[in-house]
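Below is entry-v1.cif, holding mmCIF, N, CA and C atoms.
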data_target
loop_
_atom_site.group_PDB
_atom_site.id
_atom_site.type_symbol
_atom_site.label_atom_id
_atom_site.label_comp_id
_atom_site.auth_asym_id
_atom_site.auth_seq_id
_atom_site.Cartn_x
_atom_site.Cartn_y
_atom_site.Cartn_z
ATOM 1 N N VAL A 1 -29.975 35.223 -0.471
ATOM 2 C CA VAL A 1 -30.488 33.912 -0.152
ATOM 3 C C VAL A 1 -31.955 33.812 -0.556
ATOM 4 N N TYR A 2 -32.743 34.793 -0.142
ATOM 5 C CA TYR A 2 -34.179 34.745 -0.427
ATOM 6 C C TYR A 2 -34.718 36.165 -0.487
ATOM 7 N N GLU A 3 -35.448 36.455 -1.550
ATOM 8 C CA GLU A 3 -36.042 37.772 -1.745
ATOM 9 C C GLU A 3 -37.536 37.684 -1.442
ATOM 10 N N PRO A 4 -38.085 38.633 -0.721
ATOM 11 C CA PRO A 4 -39.500 38.552 -0.347
ATOM 12 C C PRO A 4 -40.438 38.643 -1.545
ATOM 13 N N ASP A 5 -41.481 37.818 -1.466
ATOM 14 C CA ASP A 5 -42.598 37.854 -2.416
ATOM 15 C C ASP A 5 -42.188 37.595 -3.860
ATOM 16 N N VAL A 6 -41.127 36.803 -4.052
ATOM 17 C CA VAL A 6 -40.686 36.383 -5.377
ATOM 18 C C VAL A 6 -40.809 34.861 -5.437
ATOM 19 N N VAL A 7 -41.430 34.353 -6.485
ATOM 20 C CA VAL A 7 -41.627 32.906 -6.631
ATOM 21 C C VAL A 7 -40.279 32.237 -6.885
ATOM 22 N N ASP A 8 -39.979 31.191 -6.093
ATOM 23 C CA ASP A 8 -38.703 30.482 -6.223
ATOM 24 C C ASP A 8 -38.811 29.320 -7.206
ATOM 25 N N SER A 9 -37.756 28.530 -7.308
ATOM 26 C CA SER A 9 -37.706 27.438 -8.285
ATOM 27 C C SER A 9 -38.694 26.317 -7.989
ATOM 28 N N GLN A 10 -39.239 26.259 -6.779
ATOM 29 C CA GLN A 10 -40.252 25.257 -6.435
ATOM 30 C C GLN A 10 -41.670 25.820 -6.544
ATOM 31 N N GLY A 11 -41.793 27.072 -7.003
ATOM 32 C CA GLY A 11 -43.105 27.691 -7.152
ATOM 33 C C GLY A 11 -43.647 28.305 -5.869
ATOM 34 N N ASP A 12 -42.784 28.463 -4.869
ATOM 35 C CA ASP A 12 -43.196 29.018 -3.582
ATOM 36 C C ASP A 12 -42.647 30.434 -3.417
ATOM 37 N N SER A 13 -43.198 31.160 -2.479
ATOM 38 C CA SER A 13 -42.680 32.470 -2.111
ATOM 39 C C SER A 13 -42.914 32.691 -0.629
ATOM 40 N N ALA A 14 -42.243 33.677 -0.078
ATOM 41 C CA ALA A 14 -42.403 33.991 1.337
ATOM 42 C C ALA A 14 -42.326 35.500 1.517
ATOM 43 N N GLY A 15 -43.027 35.982 2.512
ATOM 44 C CA GLY A 15 -42.995 37.397 2.848
ATOM 45 C C GLY A 15 -41.832 37.707 3.771
ATOM 46 N N PRO A 16 -41.590 38.984 4.012
ATOM 47 C CA PRO A 16 -40.458 39.394 4.849
ATOM 48 C C PRO A 16 -40.441 38.762 6.245
ATOM 49 N N ALA A 17 -41.575 38.649 6.898
ATOM 50 C CA ALA A 17 -41.607 38.085 8.259
ATOM 51 C C ALA A 17 -41.192 36.615 8.257
ATOM 52 N N GLU A 18 -41.664 35.842 7.277
ATOM 53 C CA GLU A 18 -41.306 34.423 7.200
ATOM 54 C C GLU A 18 -39.839 34.246 6.831
ATOM 55 N N ILE A 19 -39.333 35.102 5.961
ATOM 56 C CA ILE A 19 -37.917 35.031 5.583
ATOM 57 C C ILE A 19 -37.041 35.313 6.799
ATOM 58 N N LYS A 20 -37.394 36.314 7.572
ATOM 59 C CA LYS A 20 -36.623 36.638 8.774
ATOM 60 C C LYS A 20 -36.639 35.470 9.757
ATOM 61 N N LYS A 21 -37.804 34.860 9.940
ATOM 62 C CA LYS A 21 -37.911 33.715 10.846
ATOM 63 C C LYS A 21 -37.037 32.549 10.350
ATOM 64 N N ALA A 22 -37.059 32.289 9.035
ATOM 65 C CA ALA A 22 -36.257 31.201 8.463
ATOM 66 C C ALA A 22 -34.759 31.489 8.607
ATOM 67 N N ALA A 23 -34.360 32.733 8.379
ATOM 68 C CA ALA A 23 -32.951 33.108 8.501
ATOM 69 C C ALA A 23 -32.454 32.900 9.929
ATOM 70 N N HIS A 24 -33.247 33.323 10.888
ATOM 71 C CA HIS A 24 -32.853 33.159 12.287
ATOM 72 C C HIS A 24 -32.797 31.689 12.673
ATOM 73 N N ARG A 25 -33.781 30.919 12.252
ATOM 74 C CA ARG A 25 -33.800 29.489 12.572
ATOM 75 C C ARG A 25 -32.591 28.789 11.938
ATOM 76 N N PHE A 26 -32.287 29.124 10.684
ATOM 77 C CA PHE A 26 -31.144 28.514 10.005
ATOM 78 C C PHE A 26 -29.849 28.784 10.768
ATOM 79 N N MET A 27 -29.633 30.020 11.179
ATOM 80 C CA MET A 27 -28.405 30.359 11.878
ATOM 81 C C MET A 27 -28.329 29.740 13.268
ATOM 82 N N GLN A 28 -29.465 29.513 13.900
ATOM 83 C CA GLN A 28 -29.476 28.907 15.230
ATOM 84 C C GLN A 28 -29.327 27.393 15.177
ATOM 85 N N GLU A 29 -29.900 26.758 14.160
ATOM 86 C CA GLU A 29 -30.013 25.302 14.173
ATOM 87 C C GLU A 29 -29.146 24.570 13.157
ATOM 88 N N SER A 30 -28.855 25.154 12.023
ATOM 89 C CA SER A 30 -28.253 24.371 10.949
ATOM 90 C C SER A 30 -26.895 24.884 10.503
ATOM 91 N N LYS A 31 -26.890 25.993 9.811
ATOM 92 C CA LYS A 31 -25.692 26.586 9.222
ATOM 93 C C LYS A 31 -25.004 25.651 8.236
ATOM 94 N N THR A 32 -25.708 24.711 7.641
ATOM 95 C CA THR A 32 -25.138 23.776 6.686
ATOM 96 C C THR A 32 -25.279 24.312 5.273
ATOM 97 N N LEU A 33 -24.157 24.462 4.580
ATOM 98 C CA LEU A 33 -24.156 24.914 3.199
ATOM 99 C C LEU A 33 -23.997 23.724 2.265
ATOM 100 N N GLY A 34 -24.804 23.695 1.229
ATOM 101 C CA GLY A 34 -24.660 22.693 0.182
ATOM 102 C C GLY A 34 -24.287 23.387 -1.112
ATOM 103 N N VAL A 35 -23.781 22.613 -2.065
ATOM 104 C CA VAL A 35 -23.446 23.145 -3.383
ATOM 105 C C VAL A 35 -24.493 22.665 -4.364
ATOM 106 N N MET A 36 -25.239 23.609 -4.928
ATOM 107 C CA MET A 36 -26.224 23.333 -5.971
ATOM 108 C C MET A 36 -27.199 22.212 -5.562
ATOM 109 N N HIS A 37 -27.623 22.179 -4.310
ATOM 110 C CA HIS A 37 -28.561 21.200 -3.764
ATOM 111 C C HIS A 37 -28.028 19.767 -3.793
ATOM 112 N N LYS A 38 -26.727 19.579 -3.896
ATOM 113 C CA LYS A 38 -26.186 18.227 -4.051
ATOM 114 C C LYS A 38 -25.258 17.815 -2.925
ATOM 115 N N GLU A 39 -24.143 18.504 -2.762
ATOM 116 C CA GLU A 39 -23.135 18.052 -1.812
ATOM 117 C C GLU A 39 -22.947 19.042 -0.675
ATOM 118 N N ASP A 40 -22.578 18.529 0.468
ATOM 119 C CA ASP A 40 -22.303 19.375 1.632
ATOM 120 C C ASP A 40 -20.980 20.105 1.400
ATOM 121 N N ALA A 41 -20.977 21.406 1.597
ATOM 122 C CA ALA A 41 -19.767 22.207 1.395
ATOM 123 C C ALA A 41 -19.288 22.833 2.689
ATOM 124 N N SER A 42 -19.829 22.416 3.813
ATOM 125 C CA SER A 42 -19.509 23.049 5.094
ATOM 126 C C SER A 42 -18.032 22.975 5.447
ATOM 127 N N ASP A 43 -17.321 21.967 4.949
ATOM 128 C CA ASP A 43 -15.898 21.859 5.242
ATOM 129 C C ASP A 43 -15.049 22.694 4.274
ATOM 130 N N ARG A 44 -15.680 23.249 3.228
ATOM 131 C CA ARG A 44 -14.942 24.020 2.221
ATOM 132 C C ARG A 44 -15.339 25.494 2.169
ATOM 133 N N ALA A 45 -16.426 25.843 2.846
ATOM 134 C CA ALA A 45 -16.912 27.223 2.856
ATOM 135 C C ALA A 45 -17.668 27.456 4.158
ATOM 136 N N SER A 46 -17.667 28.698 4.608
ATOM 137 C CA SER A 46 -18.390 28.994 5.841
ATOM 138 C C SER A 46 -19.100 30.342 5.733
ATOM 139 N N ILE A 47 -20.157 30.460 6.486
ATOM 140 C CA ILE A 47 -20.944 31.687 6.526
ATOM 141 C C ILE A 47 -20.210 32.678 7.421
ATOM 142 N N VAL A 48 -19.957 33.869 6.895
ATOM 143 C CA VAL A 48 -19.299 34.893 7.710
ATOM 144 C C VAL A 48 -20.235 36.047 8.047
ATOM 145 N N GLU A 49 -21.326 36.197 7.290
ATOM 146 C CA GLU A 49 -22.348 37.197 7.589
ATOM 147 C C GLU A 49 -23.697 36.670 7.142
ATOM 148 N N SER A 50 -24.730 37.031 7.881
ATOM 149 C CA SER A 50 -26.105 36.713 7.515
ATOM 150 C C SER A 50 -26.981 37.806 8.103
ATOM 151 N N PHE A 51 -27.758 38.457 7.240
ATOM 152 C CA PHE A 51 -28.604 39.536 7.743
ATOM 153 C C PHE A 51 -29.811 39.753 6.840
ATOM 154 N N ILE A 52 -30.776 40.479 7.358
ATOM 155 C CA ILE A 52 -31.956 40.878 6.613
ATOM 156 C C ILE A 52 -31.735 42.312 6.149
ATOM 157 N N MET A 53 -31.863 42.542 4.847
ATOM 158 C CA MET A 53 -31.615 43.873 4.279
ATOM 159 C C MET A 53 -32.624 44.871 4.849
ATOM 160 N N PRO A 54 -32.146 45.941 5.519
ATOM 161 C CA PRO A 54 -33.061 46.889 6.167
ATOM 162 C C PRO A 54 -33.741 47.865 5.206
ATOM 163 N N GLU A 55 -33.187 48.042 4.003
ATOM 164 C CA GLU A 55 -33.791 48.938 3.013
ATOM 165 C C GLU A 55 -33.316 48.512 1.622
ATOM 166 N N ASN A 56 -33.967 49.008 0.586
ATOM 167 C CA ASN A 56 -33.528 48.714 -0.774
ATOM 168 C C ASN A 56 -32.116 49.255 -0.977
ATOM 169 N N MET A 57 -31.289 48.485 -1.711
ATOM 170 C CA MET A 57 -29.922 48.908 -1.960
ATOM 171 C C MET A 57 -29.461 48.408 -3.323
ATOM 172 N N ARG A 58 -28.772 49.250 -4.068
ATOM 173 C CA ARG A 58 -28.191 48.839 -5.347
ATOM 174 C C ARG A 58 -26.769 48.369 -5.093
ATOM 175 N N LEU A 59 -26.439 47.188 -5.619
ATOM 176 C CA LEU A 59 -25.097 46.625 -5.532
ATOM 177 C C LEU A 59 -24.692 46.260 -6.952
ATOM 178 N N GLY A 60 -23.869 47.083 -7.561
ATOM 179 C CA GLY A 60 -23.544 46.895 -8.977
ATOM 180 C C GLY A 60 -24.794 47.103 -9.810
ATOM 181 N N ASN A 61 -25.142 46.117 -10.618
ATOM 182 C CA ASN A 61 -26.337 46.195 -11.464
ATOM 183 C C ASN A 61 -27.563 45.562 -10.811
ATOM 184 N N GLN A 62 -27.454 45.136 -9.582
ATOM 185 C CA GLN A 62 -28.539 44.417 -8.915
ATOM 186 C C GLN A 62 -29.114 45.248 -7.769
ATOM 187 N N VAL A 63 -30.433 45.230 -7.659
ATOM 188 C CA VAL A 63 -31.103 45.852 -6.527
ATOM 189 C C VAL A 63 -31.427 44.763 -5.516
ATOM 190 N N ILE A 64 -30.976 44.945 -4.294
ATOM 191 C CA ILE A 64 -31.313 44.022 -3.209
ATOM 192 C C ILE A 64 -32.450 44.674 -2.448
ATOM 193 N N ARG A 65 -33.602 43.998 -2.441
ATOM 194 C CA ARG A 65 -34.807 44.582 -1.868
ATOM 195 C C ARG A 65 -34.843 44.476 -0.344
ATOM 196 N N LYS A 66 -35.452 45.463 0.268
ATOM 197 C CA LYS A 66 -35.708 45.456 1.710
ATOM 198 C C LYS A 66 -36.399 44.142 2.079
ATOM 199 N N GLY A 67 -35.959 43.528 3.166
ATOM 200 C CA GLY A 67 -36.541 42.271 3.632
ATOM 201 C C GLY A 67 -35.886 41.033 3.057
ATOM 202 N N SER A 68 -34.926 41.209 2.127
ATOM 203 C CA SER A 68 -34.208 40.061 1.560
ATOM 204 C C SER A 68 -33.224 39.507 2.582
ATOM 205 N N TRP A 69 -33.029 38.195 2.544
ATOM 206 C CA TRP A 69 -32.028 37.540 3.376
ATOM 207 C C TRP A 69 -30.725 37.539 2.585
ATOM 208 N N VAL A 70 -29.683 38.147 3.147
ATOM 209 C CA VAL A 70 -28.386 38.268 2.500
ATOM 210 C C VAL A 70 -27.366 37.460 3.299
ATOM 211 N N MET A 71 -26.497 36.754 2.587
ATOM 212 C CA MET A 71 -25.486 35.945 3.249
ATOM 213 C C MET A 71 -24.146 36.140 2.540
ATOM 214 N N VAL A 72 -23.086 36.260 3.314
ATOM 215 C CA VAL A 72 -21.731 36.336 2.783
ATOM 216 C C VAL A 72 -21.031 35.041 3.179
ATOM 217 N N VAL A 73 -20.383 34.412 2.202
ATOM 218 C CA VAL A 73 -19.739 33.118 2.424
ATOM 219 C C VAL A 73 -18.256 33.225 2.091
ATOM 220 N N LYS A 74 -17.414 32.679 2.943
ATOM 221 C CA LYS A 74 -15.974 32.596 2.693
ATOM 222 C C LYS A 74 -15.678 31.209 2.136
ATOM 223 N N VAL A 75 -15.180 31.163 0.912
ATOM 224 C CA VAL A 75 -14.831 29.896 0.276
ATOM 225 C C VAL A 75 -13.347 29.647 0.520
ATOM 226 N N ARG A 76 -13.042 28.513 1.159
ATOM 227 C CA ARG A 76 -11.663 28.177 1.510
ATOM 228 C C ARG A 76 -11.047 27.148 0.555
ATOM 229 N N ASP A 77 -11.850 26.573 -0.314
ATOM 230 C CA ASP A 77 -11.409 25.494 -1.192
ATOM 231 C C ASP A 77 -11.150 26.037 -2.601
ATOM 232 N N ASN A 78 -9.937 25.839 -3.107
ATOM 233 C CA ASN A 78 -9.573 26.375 -4.421
ATOM 234 C C ASN A 78 -10.411 25.798 -5.556
ATOM 235 N N GLU A 79 -10.715 24.524 -5.506
ATOM 236 C CA GLU A 79 -11.526 23.891 -6.560
ATOM 237 C C GLU A 79 -12.941 24.467 -6.568
ATOM 238 N N LEU A 80 -13.531 24.627 -5.397
ATOM 239 C CA LEU A 80 -14.863 25.214 -5.288
ATOM 240 C C LEU A 80 -14.851 26.658 -5.782
ATOM 241 N N TRP A 81 -13.853 27.441 -5.367
ATOM 242 C CA TRP A 81 -13.749 28.835 -5.784
ATOM 243 C C TRP A 81 -13.567 28.938 -7.306
ATOM 244 N N ASP A 82 -12.768 28.056 -7.891
ATOM 245 C CA ASP A 82 -12.565 28.043 -9.334
ATOM 246 C C ASP A 82 -13.890 27.765 -10.060
ATOM 247 N N GLY A 83 -14.683 26.830 -9.539
ATOM 248 C CA GLY A 83 -15.995 26.533 -10.126
ATOM 249 C C GLY A 83 -16.940 27.721 -10.065
ATOM 250 N N ILE A 84 -16.866 28.489 -8.987
ATOM 251 C CA ILE A 84 -17.692 29.691 -8.849
ATOM 252 C C ILE A 84 -17.252 30.740 -9.865
ATOM 253 N N LYS A 85 -15.950 30.989 -9.955
ATOM 254 C CA LYS A 85 -15.437 31.998 -10.889
ATOM 255 C C LYS A 85 -15.757 31.650 -12.342
ATOM 256 N N LYS A 86 -15.762 30.348 -12.683
ATOM 257 C CA LYS A 86 -16.043 29.918 -14.055
ATOM 258 C C LYS A 86 -17.542 29.829 -14.347
ATOM 259 N N GLY A 87 -18.385 30.042 -13.330
ATOM 260 C CA GLY A 87 -19.831 29.987 -13.527
ATOM 261 C C GLY A 87 -20.411 28.588 -13.527
ATOM 262 N N LYS A 88 -19.605 27.579 -13.170
ATOM 263 C CA LYS A 88 -20.104 26.203 -13.087
ATOM 264 C C LYS A 88 -20.924 25.997 -11.819
ATOM 265 N N ILE A 89 -20.584 26.732 -10.780
ATOM 266 C CA ILE A 89 -21.330 26.708 -9.517
ATOM 267 C C ILE A 89 -21.955 28.078 -9.365
ATOM 268 N N THR A 90 -23.271 28.108 -9.345
ATOM 269 C CA THR A 90 -23.972 29.394 -9.320
ATOM 270 C C THR A 90 -24.689 29.671 -8.006
ATOM 271 N N GLY A 91 -24.560 28.768 -7.045
ATOM 272 C CA GLY A 91 -25.206 29.047 -5.776
ATOM 273 C C GLY A 91 -24.983 27.975 -4.737
ATOM 274 N N PHE A 92 -25.187 28.375 -3.507
ATOM 275 C CA PHE A 92 -25.186 27.448 -2.380
ATOM 276 C C PHE A 92 -26.632 27.142 -2.041
ATOM 277 N N SER A 93 -26.843 26.076 -1.318
ATOM 278 C CA SER A 93 -28.192 25.736 -0.894
ATOM 279 C C SER A 93 -28.163 25.432 0.595
ATOM 280 N N MET A 94 -29.271 25.732 1.222
ATOM 281 C CA MET A 94 -29.405 25.456 2.634
ATOM 282 C C MET A 94 -30.384 24.299 2.802
ATOM 283 N N SER A 95 -30.061 23.422 3.677
ATOM 284 C CA SER A 95 -30.961 22.318 3.974
ATOM 285 C C SER A 95 -32.099 22.853 4.845
ATOM 286 N N GLY A 96 -33.290 22.500 4.506
ATOM 287 C CA GLY A 96 -34.404 22.974 5.315
ATOM 288 C C GLY A 96 -35.720 22.366 4.886
ATOM 289 N N ARG A 97 -36.714 22.569 5.701
ATOM 290 C CA ARG A 97 -38.064 22.087 5.410
ATOM 291 C C ARG A 97 -39.036 23.230 5.608
ATOM 292 N N ALA A 98 -40.134 23.141 4.887
ATOM 293 C CA ALA A 98 -41.179 24.169 5.022
ATOM 294 C C ALA A 98 -42.528 23.499 4.911
ATOM 295 N N ARG A 99 -43.496 24.106 5.548
ATOM 296 C CA ARG A 99 -44.875 23.641 5.396
ATOM 297 C C ARG A 99 -45.579 24.554 4.424
ATOM 298 N N SER A 100 -46.271 23.949 3.505
ATOM 299 C CA SER A 100 -47.017 24.720 2.522
ATOM 300 C C SER A 100 -48.465 24.789 2.985
ATOM 301 N N GLY A 101 -49.047 25.946 2.839
ATOM 302 C CA GLY A 101 -50.445 26.103 3.229
ATOM 303 C C GLY A 101 -51.170 26.984 2.234
ATOM 304 N N GLU A 102 -52.450 26.904 2.235
ATOM 305 C CA GLU A 102 -53.236 27.737 1.344
ATOM 306 C C GLU A 102 -53.333 29.141 1.913
ATOM 307 N N LYS A 103 -53.310 30.114 1.021
ATOM 308 C CA LYS A 103 -53.467 31.496 1.446
ATOM 309 C C LYS A 103 -54.929 31.767 1.736
ATOM 310 N N ALA A 104 -55.172 32.561 2.763
ATOM 311 C CA ALA A 104 -56.540 32.882 3.141
ATOM 312 C C ALA A 104 -57.108 33.958 2.269
#
Any chance you could give the structure as structure tokens?
Amino acid sequence: VYEPDVVDSQGDSAGPAEIKKAAHRFMQESKTLGVMHKEDASDRASIVESFIMPENMRLGNQVIRKGSWVMVVKVRDNELWDGIKKGKITGFSMSGRARSGEKA
């Protein structure tokens, strides 16, 4: 979901403590999944796991860094799953807001 200290598509980044806070808040308050920042997919997919990676780990060819927010999603909709397998859908999005501030 989010890797610490890596600039995202909006030009922002977050450290491990902020990512953990956002992950906990999301699971407590929202749990809404969107498809590619466009449509709500909550009726077609659900979150089955959400955690903060406790240490660096290699998964296939990818390294998941300590402090990353990891989420496992169960897709129940055949059309959505087909789009994922074909590479037409490359990610889910979470609805949320953040305050931007200057670094000290």
TODO: Would you mind writing down, as number ranges by chain, each residue of range 43-79 of chain A that DSSP on the backbone assigns to strand (DSSP E)?
DONE: A: 45-52, 57-59, 62-64, 69-75
Task: Output of the PyMOL selection byres ((chain A and resi 18-35) around 8), listed as number ranges by chain - done: A: 2-4, 13-17, 36-43, 45-47, 50-52, 67-69, 89-96
Open item on the list: Taking only chain A into account, list the residues labelled alpha helix (DSSP H) by DSSP (computed from the backbone), as a ChimeraX atom specification.
Closed with: /A:16-29,78-85
Give me the box for range 71-85 of chain A as AutoDock Vina command-line options, namely the centre and edge lengths in Å to one decimal of a box along x, y and z that holds every listed atom plus 8 Å on each side.
--center_x -18.0 --center_y 30.3 --center_z -4.5 --size_x 32.9 --size_y 28.9 --size_z 31.7
Task: Two-atom distance - CA of Glu55 in chain A, CA of Met71 in chain A (Å) - done: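 Atom-to-atom, CA of Glu55 in chain A to CA of Met71 in chain A, that is 15.4 Å.
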- [ ] In Å, rounded to a single decimal, give me how far CA of Val7 in chain A is from atom N of Val75 in chain A.
- [x]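 Rounded to one decimal, the two atoms are 27.6 Å apart.
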Task: Nearest candidate to Arg44 in chain A (options A:Arg76, A:Arg65, A:Lys88, A:Arg58; using only C-alpha atoms) - done: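 Comparing A:Arg76, A:Arg65, A:Lys88, A:Arg58 against Arg44 in chain A, the winner is A:Arg76.
Going from CA of Glu49 in chain A over to atom C of Gly87 in chain A, you cover 22.9 Å.
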